[in-house]
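Below is one structure; the comments refer to it alone.
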Amino acid sequence: MTSPTSHRVYGDFADVHSAFYDQCALPAMDLDFFRSEPKPGRLLLIGSYCGVLPSLQSEVNAVRTPDGPRASFSERPIICDRSLPMLAECRRRRPDADVVQADVRQLPFGPSFAVVLIPGAVTAHLLTDEDLDACIGSVAAALFPGGELTLDAYAAGTITETPYFNGNSTFNVDGHRWRRIARTLSRTSASLQVVLEFASDESDQGCRELLMQRTYTLDEWLPVMSRHGLHCTELKHASESGRLYIRAVRS
Ligand SMILES: C[S@@+](CC[C@H](N)C(=O)[O-])C[C@H]1O[C@@H](n2cnc3c(N)ncnc32)[C@H](O)[C@@H]1O
């Protein structure tokens with residue numbers, strides 16, 4: 001069974017959440033891992049994750065040739081998210097990309113992409129093994145043979161040692177101070193139950209939500225990838241940020 005989800009943090013508070021990513025979440029992420037060798041072909045980015053995009057934009061869209069840099073992606077990149085408010089925020093920031101509302105477990109694409117990026121631990125929302133299998137199957141089907149998938153995931157054991165789900169952050173939205181307050185209530189070997197709160201210091205606006213987030217070990221990726229014709233080329237555990245980074249190529 002796949003898991004349903006509807007989160008206000010990606011709905012009514014998409015702009016606030018995106019500002020948090022811009023200002024606080026990105027320093028913890030290894031953005032360089034997502035800057036793989038550019039390839040000719042089309043890029044698909046899953047989980048609009050708006051804060052990441054400006055940082056990756058120039059890297060993923062340019063390739064060096066003997067004549068200097070030129071666009072490596074022959075067509076406009078496509079950005080998918082299942083949340084319409086997150087996509088609206090994304091469209092505002094990335095007029096050069098096309099946005100498509102889609103669930104990563106059921107992407108509406110045949111083999112048409114050279115590169116698929118899934119940054120920002122979108123994989124934390126794949127709560128069951130069926131979710132994970134559906135996600136990797138649907139991404140593999142969207143890649144050309146030889147195409148590359150890069151993703152990250154929360155590492156079981158080390159993500160709770162970081163302030164990401166046990167700490168407070170402050171950031172700005174249009175000149176106003178906001179806080180993100182995260183507390184881990186409980187954890188199992190494969191998931192976290194987290195209370196996530198976004199609060200404005202200057203008004204009573206805000207939201208508070210209980211989120212389930214999936215965590216992973218490195219060795220659970222290999223079987224699911226190979227089941228769908230993906231060959232892992234790089235696996236990395238960054239314990240200081242509690243994240244796993246995985247790269248795979250479509251055979
Ligand atoms: C950046 S990720 C999650 C980051 C992290 N877990 C957190 O909340 O701090 C959230 C983005 O992925 C999107 N997303 C979550 N599950 C998805 C799915 N099954 N398909 C497509 N997008 C999804 C959300 O709408 C949101 O824009």
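The way I read the labels, and the way they are meant: chains A, B, ... in the order of the structure tokens, residue 1 as the first residue of every chain, and ligand 1 as the first ligand shown, with later ones counted on from there.
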For this session: Dump the neighbourhood of ligand 1 as a ChimeraX atom specification: all residues within 7 Å, distances computed on only C-alpha atoms and all ligand atoms.
Result: /A:10,46-49,80-83,86,102-105,120-122,124-126,213
Take the residues just selected and output them with N, CA and C atoms as an mmCIF file, in the first residue's frame.
data_model
loop_
_atom_site.group_PDB
_atom_site.id
_atom_site.type_symbol
_atom_site.label_atom_id
_atom_site.label_comp_id
_atom_site.auth_asym_id
_atom_site.auth_seq_id
_atom_site.Cartn_x
_atom_site.Cartn_y
_atom_site.Cartn_z
ATOM 1 N N TYR A 10 3.815 22.132 3.065
ATOM 2 C CA TYR A 10 4.058 22.213 1.624
ATOM 3 C C TYR A 10 2.857 22.812 0.900
ATOM 4 N N ILE A 46 12.885 16.367 -9.216
ATOM 5 C CA ILE A 46 11.697 15.959 -8.465
ATOM 6 C C ILE A 46 11.688 16.613 -7.092
ATOM 7 N N GLY A 47 10.520 17.086 -6.689
ATOM 8 C CA GLY A 47 10.393 17.768 -5.407
ATOM 9 C C GLY A 47 10.908 19.176 -5.656
ATOM 10 N N SER A 48 10.028 20.115 -5.899
ATOM 11 C CA SER A 48 10.421 21.429 -6.421
ATOM 12 C C SER A 48 11.503 22.048 -5.550
ATOM 13 N N TYR A 49 11.415 21.835 -4.269
ATOM 14 C CA TYR A 49 12.491 22.147 -3.368
ATOM 15 C C TYR A 49 13.188 23.442 -3.780
ATOM 16 N N CYS A 80 9.056 18.550 -11.109
ATOM 17 C CA CYS A 80 7.824 17.896 -10.643
ATOM 18 C C CYS A 80 7.697 18.017 -9.142
ATOM 19 N N ASP A 81 6.493 18.182 -8.684
ATOM 20 C CA ASP A 81 6.199 18.107 -7.262
ATOM 21 C C ASP A 81 4.728 17.716 -7.185
ATOM 22 N N ARG A 82 4.324 17.088 -6.083
ATOM 23 C CA ARG A 82 2.892 16.794 -6.004
ATOM 24 C C ARG A 82 2.116 17.962 -5.395
ATOM 25 N N SER A 83 2.854 18.930 -4.810
ATOM 26 C CA SER A 83 2.183 20.058 -4.171
ATOM 27 C C SER A 83 2.069 21.245 -5.128
ATOM 28 N N MET A 86 3.846 24.490 -3.790
ATOM 29 C CA MET A 86 5.300 24.444 -3.948
ATOM 30 C C MET A 86 5.668 24.677 -5.419
ATOM 31 N N ALA A 102 3.052 16.055 -10.262
ATOM 32 C CA ALA A 102 3.106 14.595 -10.369
ATOM 33 C C ALA A 102 3.691 14.023 -9.094
ATOM 34 N N ASP A 103 3.295 12.791 -8.814
ATOM 35 C CA ASP A 103 3.846 12.066 -7.677
ATOM 36 C C ASP A 103 5.028 11.256 -8.178
ATOM 37 N N VAL A 104 6.121 11.287 -7.431
ATOM 38 C CA VAL A 104 7.328 10.574 -7.878
ATOM 39 C C VAL A 104 7.078 9.065 -8.007
ATOM 40 N N ARG A 105 6.038 8.561 -7.361
ATOM 41 C CA ARG A 105 5.742 7.135 -7.452
ATOM 42 C C ARG A 105 4.979 6.782 -8.728
ATOM 43 N N GLY A 120 17.062 16.984 -1.470
ATOM 44 C CA GLY A 120 16.267 17.513 -0.361
ATOM 45 C C GLY A 120 15.463 16.475 0.373
ATOM 46 N N ALA A 121 15.897 15.218 0.300
ATOM 47 C CA ALA A 121 15.257 14.148 1.063
ATOM 48 C C ALA A 121 13.763 14.039 0.798
ATOM 49 N N VAL A 122 13.384 14.159 -0.467
ATOM 50 C CA VAL A 122 12.001 13.827 -0.862
ATOM 51 C C VAL A 122 11.732 12.367 -0.475
ATOM 52 N N ALA A 124 12.245 10.936 2.107
ATOM 53 C CA ALA A 124 11.739 10.794 3.479
ATOM 54 C C ALA A 124 10.230 10.577 3.492
ATOM 55 N N HIS A 125 9.582 10.932 2.381
ATOM 56 C CA HIS A 125 8.123 10.791 2.306
ATOM 57 C C HIS A 125 7.682 9.440 1.754
ATOM 58 N N LEU A 126 8.645 8.585 1.416
ATOM 59 C CA LEU A 126 8.310 7.246 0.900
ATOM 60 C C LEU A 126 8.243 6.308 2.093
ATOM 61 N N GLN A 213 8.736 10.652 8.846
ATOM 62 C CA GLN A 213 9.822 10.747 7.876
ATOM 63 C C GLN A 213 10.568 9.424 7.846
#
For this session: Give the strand (DSSP E) residues of stretch 40-251 of chain A, as assigned by DSSP on the backbone, as a PyMOL selection string.
Result: chain A and resi 43-46+62-65+68-71+78-81+98-101+113-118+143-154+167-173+176-187+191-200+206-214+230-238+243-250
Let's have the selection written as an mmCIF file, in the first residue's frame, with C-alpha atoms.
data_model
loop_
_atom_site.group_PDB
_atom_site.id
_atom_site.type_symbol
_atom_site.label_atom_id
_atom_site.label_comp_id
_atom_site.auth_asym_id
_atom_site.auth_seq_id
_atom_site.Cartn_x
_atom_site.Cartn_y
_atom_site.Cartn_z
ATOM 1 C CA LEU A 43 16.777 17.217 -16.895
ATOM 2 C CA LEU A 44 13.985 16.158 -14.527
ATOM 3 C CA LEU A 45 14.062 17.532 -10.993
ATOM 4 C CA ILE A 46 11.697 15.959 -8.465
ATOM 5 C CA ALA A 62 25.801 24.617 -18.622
ATOM 6 C CA VAL A 63 28.404 22.400 -20.195
ATOM 7 C CA ARG A 64 31.895 23.408 -21.325
ATOM 8 C CA THR A 65 32.794 22.838 -24.950
ATOM 9 C CA GLY A 68 32.998 27.824 -24.282
ATOM 10 C CA PRO A 69 29.934 27.133 -22.154
ATOM 11 C CA ARG A 70 26.648 26.255 -23.815
ATOM 12 C CA ALA A 71 23.340 24.818 -22.630
ATOM 13 C CA ILE A 78 11.038 19.804 -16.029
ATOM 14 C CA ILE A 79 10.360 20.185 -12.319
ATOM 15 C CA CYS A 80 7.824 17.896 -10.643
ATOM 16 C CA ASP A 81 6.199 18.107 -7.262
ATOM 17 C CA ASP A 98 8.419 23.731 -16.994
ATOM 18 C CA VAL A 99 6.577 22.517 -13.919
ATOM 19 C CA VAL A 100 4.412 19.414 -13.755
ATOM 20 C CA GLN A 101 2.272 18.258 -10.851
ATOM 21 C CA PHE A 113 15.490 12.163 -19.476
ATOM 22 C CA ALA A 114 19.287 12.141 -19.337
ATOM 23 C CA VAL A 115 19.398 13.179 -15.689
ATOM 24 C CA VAL A 116 16.960 12.874 -12.781
ATOM 25 C CA LEU A 117 17.753 14.721 -9.540
ATOM 26 C CA ILE A 118 15.831 14.085 -6.309
ATOM 27 C CA LEU A 143 15.465 7.695 -17.792
ATOM 28 C CA PHE A 144 17.135 6.942 -21.119
ATOM 29 C CA PRO A 145 19.516 3.979 -21.042
ATOM 30 C CA GLY A 146 22.757 5.489 -19.722
ATOM 31 C CA GLY A 147 20.819 8.229 -17.901
ATOM 32 C CA GLU A 148 21.763 9.120 -14.348
ATOM 33 C CA LEU A 149 19.777 9.373 -11.116
ATOM 34 C CA THR A 150 21.097 11.312 -8.098
ATOM 35 C CA LEU A 151 19.215 11.469 -4.803
ATOM 36 C CA ASP A 152 19.654 11.947 -1.078
ATOM 37 C CA ALA A 153 17.955 10.396 1.942
ATOM 38 C CA TYR A 154 18.005 10.719 5.719
ATOM 39 C CA GLY A 167 16.456 22.258 16.932
ATOM 40 C CA ASN A 168 15.296 25.790 16.202
ATOM 41 C CA SER A 169 16.171 27.990 13.231
ATOM 42 C CA THR A 170 15.327 31.578 12.425
ATOM 43 C CA PHE A 171 14.948 32.998 8.954
ATOM 44 C CA ASN A 172 13.307 35.825 7.053
ATOM 45 C CA VAL A 173 10.238 35.929 4.853
ATOM 46 C CA HIS A 176 9.726 39.333 8.678
ATOM 47 C CA ARG A 177 11.334 36.985 11.182
ATOM 48 C CA TRP A 178 10.094 33.389 11.304
ATOM 49 C CA ARG A 179 11.106 30.394 13.351
ATOM 50 C CA ARG A 180 11.186 26.698 12.501
ATOM 51 C CA ILE A 181 10.975 24.503 15.568
ATOM 52 C CA ALA A 182 11.599 20.796 15.046
ATOM 53 C CA ARG A 183 11.321 18.038 17.647
ATOM 54 C CA THR A 184 11.686 14.300 17.199
ATOM 55 C CA LEU A 185 9.007 12.574 19.271
ATOM 56 C CA SER A 186 9.955 9.003 18.557
ATOM 57 C CA ARG A 187 11.976 6.911 16.181
ATOM 58 C CA SER A 191 11.371 6.225 10.606
ATOM 59 C CA LEU A 192 11.032 9.367 12.685
ATOM 60 C CA GLN A 193 7.938 10.955 14.107
ATOM 61 C CA VAL A 194 8.601 14.687 14.063
ATOM 62 C CA VAL A 195 6.700 17.770 15.180
ATOM 63 C CA LEU A 196 7.453 20.599 12.807
ATOM 64 C CA GLU A 197 6.346 24.129 13.583
ATOM 65 C CA PHE A 198 6.650 27.323 11.553
ATOM 66 C CA ALA A 199 5.862 30.463 13.585
ATOM 67 C CA SER A 200 5.988 34.166 12.813
ATOM 68 C CA GLY A 206 1.993 29.705 11.592
ATOM 69 C CA CYS A 207 1.422 25.962 11.488
ATOM 70 C CA ARG A 208 2.312 22.922 13.515
ATOM 71 C CA GLU A 209 2.373 19.446 12.049
ATOM 72 C CA LEU A 210 3.173 15.901 12.900
ATOM 73 C CA LEU A 211 5.302 14.373 10.143
ATOM 74 C CA MET A 212 6.451 10.821 9.616
ATOM 75 C CA GLN A 213 9.822 10.747 7.876
ATOM 76 C CA ARG A 214 11.507 7.633 6.544
ATOM 77 C CA LEU A 230 19.739 0.954 -12.091
ATOM 78 C CA HIS A 231 23.383 0.365 -11.290
ATOM 79 C CA CYS A 232 24.712 2.271 -8.219
ATOM 80 C CA THR A 233 27.922 4.136 -9.025
ATOM 81 C CA GLU A 234 28.326 6.086 -5.787
ATOM 82 C CA LEU A 235 27.000 5.701 -2.256
ATOM 83 C CA LYS A 236 28.017 8.034 0.535
ATOM 84 C CA HIS A 237 27.062 8.578 4.177
ATOM 85 C CA ALA A 238 27.632 12.134 5.442
ATOM 86 C CA ARG A 243 22.265 12.242 4.970
ATOM 87 C CA LEU A 244 22.946 9.519 2.435
ATOM 88 C CA TYR A 245 23.858 10.393 -1.152
ATOM 89 C CA ILE A 246 23.308 7.939 -3.980
ATOM 90 C CA ARG A 247 24.094 7.983 -7.676
ATOM 91 C CA ALA A 248 22.968 5.327 -10.151
ATOM 92 C CA VAL A 249 23.004 4.784 -13.905
ATOM 93 C CA ARG A 250 20.219 3.210 -15.991
#
Exercise. Distance atom CA of A:Glu130-atom CA of A:Gly11, one decimal place?
Worked result: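 Computing the Euclidean distance for atom CA of A:Glu130 and atom CA of A:Gly11 yields 24.8 Å.
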For this session: Counting only C-alpha atoms, figure out which residue out of A:Arg92, A:Gly41, A:Arg227, A:Tyr164 gets nearest to A:Tyr21.
Result: A:Tyr164
I'd like the contact shell of A:Ala190 - 7 Å cut-off, only C-alpha atoms, skipping same-chain residues fewer than 5 positions apart - returned as a PDB file with C-alpha atoms, in the first residue's frame.
ATOM      1  CA  ALA A 156      19.009   6.116  10.069  1.00  0.00           C
ATOM      2  CA  ARG A 214      11.507   7.633   6.544  1.00  0.00           C
ATOM      3  CA  THR A 215      15.159   7.011   7.273  1.00  0.00           C
ATOM      4  CA  TYR A 216      17.430   4.581   5.435  1.00  0.00           C
TER       5      TYR A 216
END
For this session: Just the alpha helix (DSSP H) stuff from stretch 53-199 of chain A, please, per backbone DSSP, written as a PyMOL selection string.
Result: chain A and resi 53-61+84-93+129-142
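Between atom CA of A:Cys90 and atom CA of A:Val9 the interatomic distance comes to 15.0 Å.
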